[in-house]
>>> print(open('data.csv').read())   # CSV, C-alpha atoms and all ligand atoms
chain,number,residue,atom,x,y,z
N,1,MET,CA,69.0,15.8,-19.0
N,2,VAL,CA,67.8,19.4,-18.9
N,3,ILE,CA,68.8,22.1,-16.3
N,4,ILE,CA,66.4,24.9,-15.5
N,5,HIS,CA,67.6,27.9,-13.5
N,6,ALA,CA,65.2,28.7,-10.7
N,7,SER,CA,64.8,32.3,-11.9
N,8,ASP,CA,63.2,30.9,-15.1
N,9,LEU,CA,60.5,28.8,-13.3
N,10,ASN,CA,57.9,31.4,-14.2
N,11,LEU,CA,58.3,30.7,-17.9
N,12,LYS,CA,55.4,28.7,-19.2
N,13,GLU,CA,57.6,26.4,-21.2
N,14,ASN,CA,59.5,25.4,-18.1
N,15,GLN,CA,56.4,24.7,-16.1
N,16,GLU,CA,55.2,22.5,-18.9
N,17,LEU,CA,58.5,20.7,-19.0
N,18,ILE,CA,58.2,20.0,-15.3
N,19,SER,CA,54.7,18.8,-15.7
N,20,SER,CA,55.4,16.5,-18.7
N,21,THR,CA,58.6,15.1,-17.1
N,22,ILE,CA,56.8,14.2,-13.9
N,23,LYS,CA,53.6,12.9,-15.7
N,24,LYS,CA,55.6,10.5,-17.8
N,25,GLY,CA,57.3,9.1,-14.7
N,26,GLY,CA,60.5,11.0,-14.9
N,27,LEU,CA,62.8,12.3,-12.1
N,28,CYS,CA,63.3,16.0,-11.3
N,29,VAL,CA,65.9,17.3,-8.8
N,30,PHE,CA,64.8,20.5,-7.1
N,31,PRO,CA,65.9,22.6,-4.1
N,32,THR,CA,63.9,23.0,-1.0
N,33,GLU,CA,64.7,25.2,2.0
N,34,THR,CA,66.4,22.2,3.8
N,35,VAL,CA,68.4,20.3,1.1
N,36,TYR,CA,67.9,19.4,-2.5
N,37,GLY,CA,65.3,16.6,-3.2
N,38,ILE,CA,65.0,14.1,-6.0
N,39,GLY,CA,61.3,14.2,-6.9
N,40,ALA,CA,58.9,11.9,-8.8
N,41,ASP,CA,55.1,11.4,-9.1
N,42,ALA,CA,54.0,9.9,-5.7
N,43,THR,CA,51.0,8.3,-7.5
N,44,ASN,CA,53.2,6.4,-10.1
N,45,ASP,CA,54.9,3.2,-8.8
N,46,ASP,CA,57.3,3.0,-11.7
N,47,ALA,CA,58.4,6.6,-11.1
N,48,ILE,CA,58.9,5.8,-7.4
N,49,LYS,CA,61.0,2.7,-8.3
N,50,LYS,CA,63.3,5.0,-10.3
N,51,ILE,CA,64.0,7.1,-7.3
N,52,PHE,CA,65.2,4.1,-5.3
N,53,LEU,CA,67.3,3.0,-8.2
N,54,ALA,CA,68.9,6.4,-8.9
N,55,LYS,CA,69.8,6.8,-5.2
N,56,GLY,CA,70.7,3.2,-4.5
N,57,ARG,CA,68.3,3.4,-1.6
N,58,PRO,CA,67.1,0.4,0.4
N,59,SER,CA,63.5,-0.2,-0.5
N,60,ASP,CA,62.3,-0.3,3.1
N,61,ASN,CA,63.4,3.3,3.7
N,62,PRO,CA,60.2,5.4,3.1
N,63,LEU,CA,60.0,8.6,1.1
N,64,ILE,CA,58.5,11.9,2.2
N,65,VAL,CA,55.6,13.1,0.1
N,66,HIS,CA,55.8,16.8,-0.7
N,67,LEU,CA,52.7,18.9,-1.2
N,68,ALA,CA,52.2,22.5,-2.4
N,69,SER,CA,49.3,23.2,0.0
N,70,LYS,CA,47.5,21.8,3.0
N,71,ASP,CA,44.4,21.3,0.8
N,72,ASP,CA,46.1,18.3,-0.8
N,73,LEU,CA,46.6,16.5,2.5
N,74,VAL,CA,43.2,14.7,2.4
N,75,GLN,CA,44.4,12.9,-0.8
N,76,CYS,CA,47.2,11.3,1.1
N,77,VAL,CA,46.2,10.7,4.7
N,78,SER,CA,43.4,8.7,6.3
N,79,GLU,CA,43.3,10.5,9.6
N,80,ILE,CA,44.3,14.0,10.8
N,81,PRO,CA,44.8,13.8,14.6
N,82,ALA,CA,43.8,16.9,16.6
N,83,LEU,CA,47.4,17.8,17.5
N,84,ALA,CA,48.3,18.0,13.8
N,85,HIS,CA,46.4,21.3,13.5
N,86,PRO,CA,48.6,23.5,15.7
N,87,LEU,CA,51.7,21.9,14.2
N,88,MET,CA,50.6,22.5,10.7
N,89,ASP,CA,49.4,26.1,11.6
N,90,HIS,CA,52.8,27.0,13.1
N,91,PHE,CA,55.3,25.1,11.0
N,92,TRP,CA,53.8,24.6,7.6
N,93,PRO,CA,55.0,25.5,5.0
N,94,GLY,CA,58.4,24.7,6.5
N,95,PRO,CA,61.0,22.1,7.5
N,96,LEU,CA,58.7,19.8,9.4
N,97,THR,CA,57.7,16.4,8.1
N,98,LEU,CA,54.6,14.9,9.9
N,99,VAL,CA,54.0,11.2,9.8
N,100,PHE,CA,50.3,10.3,9.4
N,101,LYS,CA,48.3,7.2,8.7
N,102,LYS,CA,48.3,6.8,5.0
N,103,LYS,CA,45.4,6.5,2.6
N,104,SER,CA,45.2,3.5,0.3
N,105,SER,CA,46.0,5.8,-2.6
N,106,ILE,CA,49.5,6.1,-1.3
N,107,SER,CA,51.6,3.3,-2.6
N,108,TYR,CA,53.5,1.0,-0.2
N,109,LEU,CA,56.5,1.6,-2.5
N,110,ALA,CA,56.6,5.1,-1.3
N,111,THR,CA,56.2,4.3,2.4
N,112,GLY,CA,58.6,1.4,2.4
N,113,GLY,CA,55.7,-1.0,3.2
N,114,LEU,CA,54.5,1.1,6.2
N,115,GLU,CA,50.9,2.0,7.0
N,116,THR,CA,52.1,5.6,7.6
N,117,VAL,CA,53.2,8.4,5.3
N,118,GLY,CA,55.5,11.3,5.9
N,119,ILE,CA,54.2,14.6,4.5
N,120,ARG,CA,55.9,17.9,4.1
N,121,ILE,CA,55.0,21.2,2.6
N,122,PRO,CA,58.3,23.1,1.9
N,123,SER,CA,58.5,26.8,2.5
N,124,SER,CA,60.9,27.2,-0.5
N,125,ILE,CA,59.1,29.1,-3.2
N,126,ILE,CA,61.1,27.2,-5.8
N,127,ALA,CA,60.0,23.9,-4.4
N,128,LYS,CA,56.4,25.2,-4.2
N,129,HIS,CA,56.5,26.2,-7.9
N,130,VAL,CA,57.9,22.8,-8.9
N,131,ILE,CA,55.2,20.9,-7.0
N,132,GLU,CA,52.5,23.1,-8.4
N,133,ALA,CA,53.9,22.7,-11.9
N,134,ALA,CA,54.0,18.9,-11.5
N,135,GLY,CA,50.4,18.9,-10.5
N,136,VAL,CA,50.7,15.8,-8.3
N,137,PRO,CA,52.2,15.1,-4.9
N,138,LEU,CA,56.0,14.5,-5.2
N,139,CYS,CA,57.9,11.8,-3.4
N,140,ALA,CA,61.2,13.4,-2.8
N,141,PRO,CA,64.1,12.0,-0.7
N,142,SER,CA,67.2,14.0,-0.3
N,143,ALA,CA,69.1,14.3,-3.6
N,144,ASN,CA,72.2,12.4,-2.7
N,145,ILE,CA,73.4,8.9,-3.5
N,146,SER,CA,72.3,6.8,-0.5
N,147,GLY,CA,74.8,7.1,2.4
N,148,ARG,CA,76.4,10.2,1.0
N,149,PRO,CA,76.1,13.7,2.5
N,150,SER,CA,72.9,15.5,1.4
N,151,ALA,CA,73.1,18.1,-1.3
N,152,THR,CA,73.0,21.7,-0.3
N,153,LEU,CA,74.6,23.2,-3.5
N,154,PHE,CA,73.6,22.6,-7.1
N,155,THR,CA,77.1,21.3,-7.8
N,156,HIS,CA,76.4,18.5,-5.3
N,157,VAL,CA,73.4,17.2,-7.2
N,158,LEU,CA,75.5,17.3,-10.4
N,159,GLU,CA,78.2,15.2,-8.6
N,160,ASP,CA,75.6,12.6,-7.8
N,161,PHE,CA,73.0,12.7,-10.5
N,162,LYS,CA,74.4,14.3,-13.7
N,163,ASP,CA,72.8,12.3,-16.6
N,164,LYS,CA,70.9,10.1,-14.2
N,165,VAL,CA,67.8,12.2,-14.0
N,166,ASP,CA,65.6,14.0,-16.5
N,167,LEU,CA,65.4,17.4,-15.1
N,168,LEU,CA,67.4,19.5,-12.6
N,169,ILE,CA,66.4,22.8,-11.1
N,170,ASP,CA,69.3,25.0,-10.1
N,171,GLY,CA,68.4,27.1,-7.1
N,172,GLY,CA,72.0,27.7,-5.8
N,173,LYS,CA,72.7,27.1,-2.1
N,174,VAL,CA,69.8,26.1,0.1
N,175,THR,CA,69.0,28.1,3.2
N,176,ILE,CA,68.8,25.7,6.1
N,177,GLY,CA,71.2,22.9,5.0
N,178,LEU,CA,69.9,20.1,7.2
N,179,GLU,CA,66.9,17.8,6.3
N,180,SER,CA,63.5,18.4,7.9
N,181,THR,CA,62.5,17.4,11.4
N,182,VAL,CA,60.5,14.2,11.2
N,183,LEU,CA,57.7,13.8,13.8
N,184,ASP,CA,55.4,10.8,14.1
N,185,ILE,CA,51.9,11.9,15.1
N,186,THR,CA,50.1,8.6,14.7
N,187,THR,CA,50.6,7.8,18.4
N,188,PRO,CA,48.9,9.7,21.3
N,189,ILE,CA,52.3,11.3,22.3
N,190,PRO,CA,54.2,12.4,19.2
N,191,VAL,CA,57.6,10.8,18.6
N,192,LEU,CA,60.6,12.8,17.2
N,193,LEU,CA,62.2,10.6,14.6
N,194,ARG,CA,64.8,13.0,13.1
N,195,PRO,CA,65.8,16.3,14.6
N,196,GLY,CA,65.9,19.4,12.3
N,197,ALA,CA,65.5,23.1,12.2
N,198,ILE,CA,62.1,22.8,13.9
N,199,THR,CA,63.4,21.8,17.3
N,200,LYS,CA,61.9,19.6,20.0
N,201,THR,CA,61.6,22.7,22.2
N,202,MET,CA,59.6,24.5,19.5
N,203,ILE,CA,57.3,21.5,19.0
N,204,GLU,CA,56.7,21.1,22.7
N,205,HIS,CA,56.0,24.8,23.1
N,206,VAL,CA,53.3,24.7,20.4
N,207,LEU,CA,51.7,21.5,21.7
N,208,ASN,CA,52.2,22.3,25.3
N,209,LEU,CA,53.3,18.8,26.1
N,210,SER,CA,56.5,16.7,26.2
N,211,ILE,CA,57.1,14.6,23.2
N,212,ILE,CA,59.1,11.4,22.9
N,213,ASP,CA,62.6,11.8,21.5
N,214,ALA,CA,63.5,8.6,19.6
N,215,THR,CA,66.4,10.1,17.8
N,216,GLU,CA,68.9,8.9,20.4
N,217,ASP,CA,67.6,5.4,20.4
N,218,ALA,CA,68.7,4.7,16.9
N,219,ILE,CA,72.1,3.2,18.0
N,220,THR,CA,70.9,0.2,20.0
N,221,ASP,CA,67.1,-0.2,19.7
N,222,VAL,CA,65.0,-1.4,16.9
N,223,PRO,CA,64.9,1.8,14.8
N,224,LYS,CA,61.5,3.6,15.0
N,225,SER,CA,62.0,5.1,11.5
N,226,PRO,CA,63.6,2.9,8.9
N,227,GLY,CA,65.9,5.7,7.9
N,228,MET,CA,67.6,5.5,11.2
N,229,LYS,CA,69.4,2.2,10.7
N,230,TYR,CA,71.3,3.0,7.5
N,231,ARG,CA,74.8,4.5,7.1
N,232,HIS,CA,74.3,8.2,6.5
N,233,TYR,CA,76.0,11.4,5.3
N,234,ALA,CA,79.4,9.7,5.3
N,235,PRO,CA,82.3,11.2,3.5
N,236,HIS,CA,84.8,8.8,1.8
N,237,GLY,CA,87.5,9.6,4.3
N,238,GLU,CA,87.4,8.2,7.9
N,239,LEU,CA,85.7,10.8,10.0
N,240,SER,CA,86.0,11.0,13.7
N,241,LEU,CA,84.4,13.4,16.1
N,242,VAL,CA,86.7,14.9,18.8
N,243,ARG,CA,85.2,15.6,22.2
N,244,GLY,CA,86.9,17.6,25.0
N,245,GLU,CA,87.4,21.1,26.4
N,246,PHE,CA,87.9,23.7,23.6
N,247,HIS,CA,91.7,24.1,24.3
N,248,GLN,CA,92.2,20.3,24.6
N,249,VAL,CA,90.6,19.8,21.2
N,250,VAL,CA,92.6,22.6,19.6
N,251,HIS,CA,95.8,21.0,21.1
N,252,PHE,CA,94.8,17.6,19.7
N,253,PHE,CA,94.3,19.2,16.2
N,254,GLU,CA,97.7,20.9,16.4
N,255,GLN,CA,99.5,17.7,17.4
N,256,SER,CA,97.6,15.7,14.7
N,257,LEU,CA,98.5,18.2,12.0
N,258,LYS,CA,102.2,18.1,13.1
N,259,GLN,CA,102.2,14.4,12.6
N,260,ASN,CA,100.2,14.4,9.4
N,261,HIS,CA,99.8,17.5,7.3
N,262,GLU,CA,97.2,15.8,5.1
N,263,ILE,CA,94.5,15.3,7.7
N,264,GLY,CA,91.3,17.4,7.3
N,265,ILE,CA,89.6,19.4,10.0
N,266,ILE,CA,86.1,20.7,9.8
N,267,ALA,CA,85.3,23.1,12.6
N,268,PRO,CA,83.8,26.4,13.7
N,269,HIS,CA,86.4,29.1,12.8
N,270,GLU,CA,87.3,29.7,16.4
N,271,TYR,CA,89.1,26.3,16.5
N,272,LEU,CA,91.1,27.0,13.3
N,273,LEU,CA,92.6,30.4,14.1
N,274,ASN,CA,96.1,29.2,14.9
N,275,LEU,CA,96.2,25.9,13.0
N,276,LYS,CA,98.2,25.2,9.9
N,277,GLY,CA,97.2,22.5,7.5
N,278,LYS,CA,96.2,21.8,4.0
N,279,HIS,CA,92.5,20.9,4.6
N,280,LEU,CA,91.0,23.2,7.2
N,281,ILE,CA,87.4,24.1,6.6
N,282,SER,CA,85.5,26.6,8.7
N,283,ILE,CA,81.7,26.0,9.0
N,284,GLY,CA,81.2,29.5,10.6
N,285,SER,CA,81.1,30.7,14.2
N,286,MET,CA,80.5,28.2,17.0
N,287,HIS,CA,78.0,30.8,18.3
N,288,ASP,CA,75.9,30.7,15.1
N,289,PRO,CA,74.2,27.2,14.7
N,290,ASN,CA,72.3,28.4,11.7
N,291,GLU,CA,75.4,29.2,9.8
N,292,MET,CA,77.1,25.9,10.9
N,293,ALA,CA,74.0,24.0,9.7
N,294,THR,CA,74.1,25.4,6.2
N,295,ASN,CA,77.8,24.5,5.8
N,296,ILE,CA,78.2,21.0,7.3
N,297,PHE,CA,77.3,18.9,4.2
N,298,GLU,CA,79.2,21.1,1.9
N,299,ALA,CA,82.3,20.8,4.1
N,300,LEU,CA,82.0,17.0,4.1
N,301,ARG,CA,81.7,16.9,0.3
N,302,THR,CA,84.7,19.3,-0.1
N,303,MET,CA,86.9,16.9,1.9
N,304,ASP,CA,85.9,14.2,-0.6
N,305,GLN,CA,86.7,16.4,-3.6
N,306,HIS,CA,90.2,16.9,-2.0
N,307,HIS,CA,90.5,13.1,-1.3
N,308,VAL,CA,91.2,13.6,2.4
N,309,ASN,CA,91.5,10.3,4.1
N,310,ILE,CA,91.3,11.3,7.8
N,311,ILE,CA,88.9,13.9,9.0
N,312,TYR,CA,88.3,15.4,12.4
N,313,ILE,CA,85.4,17.5,13.6
N,314,PRO,CA,84.9,18.8,17.2
N,315,THR,CA,81.7,17.8,18.9
N,316,LEU,CA,79.4,20.8,19.1
N,317,ASN,CA,76.8,22.1,21.4
N,318,ASP,CA,73.8,19.8,20.9
N,319,LYS,CA,71.0,22.0,22.1
N,320,ASP,CA,68.1,22.9,19.8
N,321,LEU,CA,69.4,23.2,16.2
N,322,GLY,CA,72.7,21.8,17.6
N,323,GLN,CA,70.8,18.5,18.2
N,324,ALA,CA,70.2,18.3,14.5
N,325,ILE,CA,73.8,19.1,13.6
N,326,MET,CA,75.2,16.6,16.1
N,327,ASN,CA,72.7,13.9,14.9
N,328,ARG,CA,74.1,14.2,11.3
N,329,LEU,CA,77.7,14.4,12.5
N,330,ILE,CA,77.5,11.3,14.7
N,331,LYS,CA,76.0,9.4,11.8
N,332,ALA,CA,78.5,10.7,9.3
N,333,ALA,CA,81.3,9.6,11.7
N,334,SER,CA,79.6,6.1,12.1
N,335,HIS,CA,79.7,6.9,15.9
N,336,ARG,CA,83.5,7.2,16.0
N,337,ILE,CA,84.3,9.6,18.8
N,338,ILE,CA,87.7,10.4,20.2
N,339,ASP,CA,87.1,11.4,23.9
N,340,LEU,CA,89.9,13.5,25.2
N,341,ASP,CA,88.4,13.6,28.6
N,342,GLU,CA,88.4,9.8,29.0
N,343,GLY,CA,90.4,8.4,31.9
N,344,ARG,CA,90.6,11.7,33.7
Z,401,LIG,O1,64.2,18.0,4.3
Z,401,LIG,C1,63.8,16.9,3.9
Z,401,LIG,O2,63.0,16.2,4.5
Z,401,LIG,C2,64.3,16.5,2.5
Z,401,LIG,C3,63.8,17.4,1.5
Z,401,LIG,C4,64.1,16.9,0.1
Z,401,LIG,O3,62.4,17.6,1.6
Z,401,LIG,N1,64.0,15.1,2.3
Z,401,LIG,C5,64.6,14.1,3.0
Z,401,LIG,O4,64.1,12.8,2.6
Z,401,LIG,O5,65.4,14.2,3.8
Z,401,LIG,P1,64.9,11.5,3.0
Z,401,LIG,O6,64.3,10.5,2.2
Z,401,LIG,O7,66.4,11.7,2.8
Z,401,LIG,O8,64.6,11.3,4.5
Z,401,LIG,C6,63.3,10.9,4.9
Z,401,LIG,C7,63.3,10.5,6.3
Z,401,LIG,C8,64.0,9.1,6.5
Z,401,LIG,O9,64.7,9.0,7.7
Z,401,LIG,C9,62.7,8.2,6.6
Z,401,LIG,O10,63.0,7.0,7.2
Z,401,LIG,C10,61.7,9.1,7.3
Z,401,LIG,O11,62.0,10.4,6.8
Z,401,LIG,N2,60.4,8.7,7.0
Z,401,LIG,C11,59.7,9.0,5.8
Z,401,LIG,N3,58.4,8.4,5.9
Z,401,LIG,C12,58.3,7.9,7.1
Z,401,LIG,C13,57.3,7.2,7.8
Z,401,LIG,N4,56.1,6.9,7.2
Z,401,LIG,N5,57.5,6.7,9.0
Z,401,LIG,C14,58.7,7.0,9.6
Z,401,LIG,N6,59.7,7.6,9.1
Z,401,LIG,C15,59.6,8.1,7.8
Z,402,MG,MG,68.4,11.5,3.0
>>> encode(input="data.csv", output="C-alpha cells", more="lines below")
Ligand code: TXA
Ligand code: MG
Amino acid sequence: MVIIHASDLNLKENQELISSTIKKGGLCVFPTETVYGIGADATNDDAIKKIFLAKGRPSDNPLIVHLASKDDLVQCVSEIPALAHPLMDHFWPGPLTLVFKKKSSISYLATGGLETVGIRIPSSIIAKHVIEAAGVPLCAPSANISGRPSATLFTHVLEDFKDKVDLLIDGGKVTIGLESTVLDITTPIPVLLRPGAITKTMIEHVLNLSIIDATEDAITDVPKSPGMKYRHYAPHGELSLVRGEFHQVVHFFEQSLKQNHEIGIIAPHEYLLNLKGKHLISIGSMHDPNEMATNIFEALRTMDQHHVNIIYIPTLNDKDLGQAIMNRLIKAASHRIIDLDEGR
C-alpha cells in the first residue's frame, strides 16, 4: 500500500504509479470535492469486482463512472438527451451525477445490471489529476465500508481501507462533505434519486421545469435507484433524530444527559451552548448548511471512535442543501425519529 500526498501529484513518478496501479486492475482511493472515492478501471471487470469486495457492497448497487472531461462521455453513453446539455454546462465539473443510457462498452458489473450508467466529472483538481493520470474512466463509489458513514477525511479512509487497497491519495478534508446529487435523465422528466449540493431548486432553475423528486419514496416504494434500499451512513451506536421546537429539543438533550452522561449529541453549536456531557459534537452553525454538510460524516465517525452507544441529532431545516443533510441523517438513523411534538 502506497500513500501519495496530493501536493505531490504533479511528480511524474506519482502519475506513473497511478497509471500502472489502475492499468493492472488495482484500487486507488482519492478525494473528490464531495467525499473520498475508491477508484478502479471502469473498463476492467476484475478491477470492478475488487471494489465490491473491498467495500462489502451488494452487487446490484451500481457505481458512478468518473471522467476527467466531457469529451470522454461518448465512450460511455449511448444517448445524450437534449436537457443534459444545460445541466452539464452549468454543473460540470461538479457534484452532479447524471444517469444516462449506457453504451455496451460499460460493463453490467459497474451498473449493477442496469442499462443505465451514472456519470460524474468532479470539480476537485486532485480528482481530475488522478483520473487523467489513470488514463481511463474510473468507477468510484464512496470510499467507505458499505453501510458506514462516507469518508470526508483521509483518516477515515485509513480506518476503512488501510492495507486493503494499492494506492491512497491524501487530500486532507474534502470541501462539500456529502455525496453528489444523482439525477436520472433517461426519462422525459428528470428524476432526482439522491439529493446533494446541487439542489432540486438549482436543477429546476436551469431546466426551467419541475423535476420528479424520488428521494422521499425510498422508504415504502420499490427503490428507483438501487442504492436507496440499503442501510447507509450508520454509526455503530444507535442514532435517533429528535424533532421538535428548538427549546423542546434542548430540554430533551438536557434531561437525557442528566440520566446518562455517556450519550452522544451531534448538533449545530446553538443547541449545545448550555449542555454538559462527554460526547457533544458541534457541526457548525444551524444557519450555515455548507458548514454542517462538511462535518456530518466526521461527527458520526468520531462517535464511533469514542464507542458511544446512544446518539441524538436534532432534525434540521430540510430546504435546499438541508434536504441532502436530512436525507443522510434519516438513513443513518434508520428512520428512528423521536417526535417531541407528538400527542400535542
Ligand atoms: O459524490 C459522489 O457521488 C461520490 C464520489 C466518490 O464521487 N461517489 C458516490 O458513490 O457517492 P456511491 O457508489 O457511494 O453512490 C452512488 C449512488 C448510489 O446510490 C447508486 O445507487 C446511484 O448512485 N447510482 C449509480 N449509478 C446509477 C444508475 N445507473 N441508476 C441509478 N442510480 C445509480
Ligand atoms: Mg456511498
>>> atom_distance(input="data.csv", atom1="CA of Gly264 in chain N", atom2="CA of Tyr312 in chain N")
6.2 Å
>>> residues_near_ligand(input="data.csv", ligand="ligand LIG 401 (chain Z)", cutoff="7 Å", atoms="all atoms listed in the file", output="VMD selection string")
chain N and resid 32 34 to 38 61 to 64 95 97 99 111 114 116 to 118 120 122 140 to 143 178 to 180 182 184 193 to 194 224 to 228
>>> residues_around(input="data.csv", residues="Ile212 in chain N", least_positions_apart="5", cutoff="9 Å", atoms="only C-alpha atoms", output="PyMOL selection string")
chain N and resi 189-193
>>> write_last_selection(input="data.csv", atoms="C-alpha atoms", output="mmCIF file, keeping the file's coordinate frame")
data_model
loop_
_atom_site.group_PDB
_atom_site.id
_atom_site.type_symbol
_atom_site.label_atom_id
_atom_site.label_comp_id
_atom_site.auth_asym_id
_atom_site.auth_seq_id
_atom_site.Cartn_x
_atom_site.Cartn_y
_atom_site.Cartn_z
ATOM 1 C CA ILE N 189 52.300 11.300 22.300
ATOM 2 C CA PRO N 190 54.200 12.400 19.200
ATOM 3 C CA VAL N 191 57.600 10.800 18.600
ATOM 4 C CA LEU N 192 60.600 12.800 17.200
ATOM 5 C CA LEU N 193 62.200 10.600 14.600
#
>>> closest_residue(input="data.csv", among="N:Leu73, N:Ala151, N:Met303, N:Ala214", to="ligand MG 402 (chain Z)", atoms="only C-alpha atoms and all ligand atoms")
N:Ala151
>>> atom_distance(input="data.csv", atom1="CA of Leu67 in chain N", atom2="CA of Leu17 in chain N")
18.8 Å
>>> residues_around(input="data.csv", residues="Arg336 in chain N", least_positions_apart="2", cutoff="7 Å", atoms="only C-alpha atoms", output="list in words")
Ser240, Leu241, Ala333, Ser334 and Ile338 of chain N
>>> closest_residue(input="data.csv", among="N:Ser282, N:Thr155, N:Asn44, N:Gln15", to="Ala267 in chain N", atoms="all atoms listed in the file")
N:Ser282
>>> residues_around(input="data.csv", residues="Phe252 in chain N", least_positions_apart="2", cutoff="12 Å", atoms="only C-alpha atoms", output="list in words")
Leu241, Val242, Arg243, Gly244, Glu245, Phe246, His247, Gln248, Val249, Val250, Glu254, Gln255, Ser256, Leu257, Lys258, Gln259, Ile265, Tyr271, Leu272, Leu275, Tyr312, Ile313, Pro314, Ile338, Asp339, Leu340 and Asp341 of chain N
>>> closest_residue(input="data.csv", among="N:Leu280, N:Val2, N:Leu27, N:Ala332", to="ligand MG 402 (chain Z)", atoms="all atoms listed in the file")
N:Ala332
>>> closest_residue(input="data.csv", among="N:Gln323, N:Lys164, N:Ser19, N:Ser7", to="Asp213 in chain N", atoms="all atoms listed in the file")
N:Gln323
>>> closest_residue(input="data.csv", among="N:Ile311, N:Met1, N:Leu316, N:Ile106", to="Asp288 in chain N", atoms="only C-alpha atoms")
N:Leu316
>>> atom_distance(input="data.csv", atom1="CA of Asp41 in chain N", atom2="CA of His5 in chain N")
21.2 Å
>>> closest_residue(input="data.csv", among="N:Ser59, N:Thr186, N:Asn260, N:Asn309", to="Leu98 in chain N", atoms="only C-alpha atoms")
N:Thr186
>>> residues_around(input="data.csv", residues="Lys278 in chain N", least_positions_apart="4", cutoff="9 Å", atoms="all atoms listed in the file", output="list in words")
His261, Glu262, Ile263 and Gly264 of chain N
>>> residues_near_point(input="data.csv", point="(51.0, 17.6, -11.6)", cutoff="9 Å", atoms="all atoms listed in the file", output="number ranges by chain")
N: 18-20, 22-23, 41, 131-138
>>> residues_around(input="data.csv", residues="range 196-209 of chain N", least_positions_apart="6", cutoff="6 Å", atoms="only C-alpha atoms", output="PyMOL selection string")
chain N and resi 180-181+320-321+324
>>> decode(input="data.csv", residues="range 293-304 of chain N", atoms="N, CA, C and O atoms", output="compact mmCIF listing (two decimals), in the first residue's frame")
# COMPACT_ATOMS: atom_id res chain seq x y z
N ALA N 293 -22.85 20.46 6.44
CA ALA N 293 -22.66 19.36 5.50
C ALA N 293 -21.25 18.79 5.57
O ALA N 293 -21.05 17.57 5.55
N THR N 294 -20.26 19.67 5.70
CA THR N 294 -18.87 19.18 5.70
C THR N 294 -18.56 18.39 6.97
O THR N 294 -17.60 17.63 6.97
N ASN N 295 -19.34 18.57 8.02
CA ASN N 295 -18.97 17.98 9.31
C ASN N 295 -19.78 16.77 9.74
O ASN N 295 -19.43 16.12 10.73
N ILE N 296 -20.87 16.48 9.02
CA ILE N 296 -21.78 15.42 9.47
C ILE N 296 -21.11 14.05 9.56
O ILE N 296 -21.15 13.38 10.59
N PHE N 297 -20.49 13.61 8.47
CA PHE N 297 -19.93 12.26 8.47
C PHE N 297 -18.79 12.13 9.48
O PHE N 297 -18.64 11.11 10.14
N GLU N 298 -17.99 13.20 9.58
CA GLU N 298 -16.89 13.20 10.54
C GLU N 298 -17.44 13.02 11.96
O GLU N 298 -16.91 12.23 12.76
N ALA N 299 -18.52 13.74 12.26
CA ALA N 299 -19.11 13.65 13.60
C ALA N 299 -19.59 12.23 13.89
O ALA N 299 -19.36 11.69 14.98
N LEU N 300 -20.23 11.60 12.89
CA LEU N 300 -20.72 10.23 13.09
C LEU N 300 -19.55 9.28 13.36
O LEU N 300 -19.60 8.43 14.24
N ARG N 301 -18.48 9.46 12.60
CA ARG N 301 -17.32 8.59 12.80
C ARG N 301 -16.63 8.84 14.14
O ARG N 301 -16.11 7.91 14.76
N THR N 302 -16.62 10.11 14.59
CA THR N 302 -16.00 10.40 15.88
C THR N 302 -16.76 9.69 17.00
O THR N 302 -16.16 9.16 17.94
N MET N 303 -18.09 9.66 16.90
CA MET N 303 -18.87 8.96 17.91
C MET N 303 -18.46 7.48 17.97
O MET N 303 -18.37 6.89 19.04
N ASP N 304 -18.20 6.90 16.83
CA ASP N 304 -17.74 5.50 16.80
C ASP N 304 -16.38 5.35 17.46
O ASP N 304 -16.15 4.41 18.20
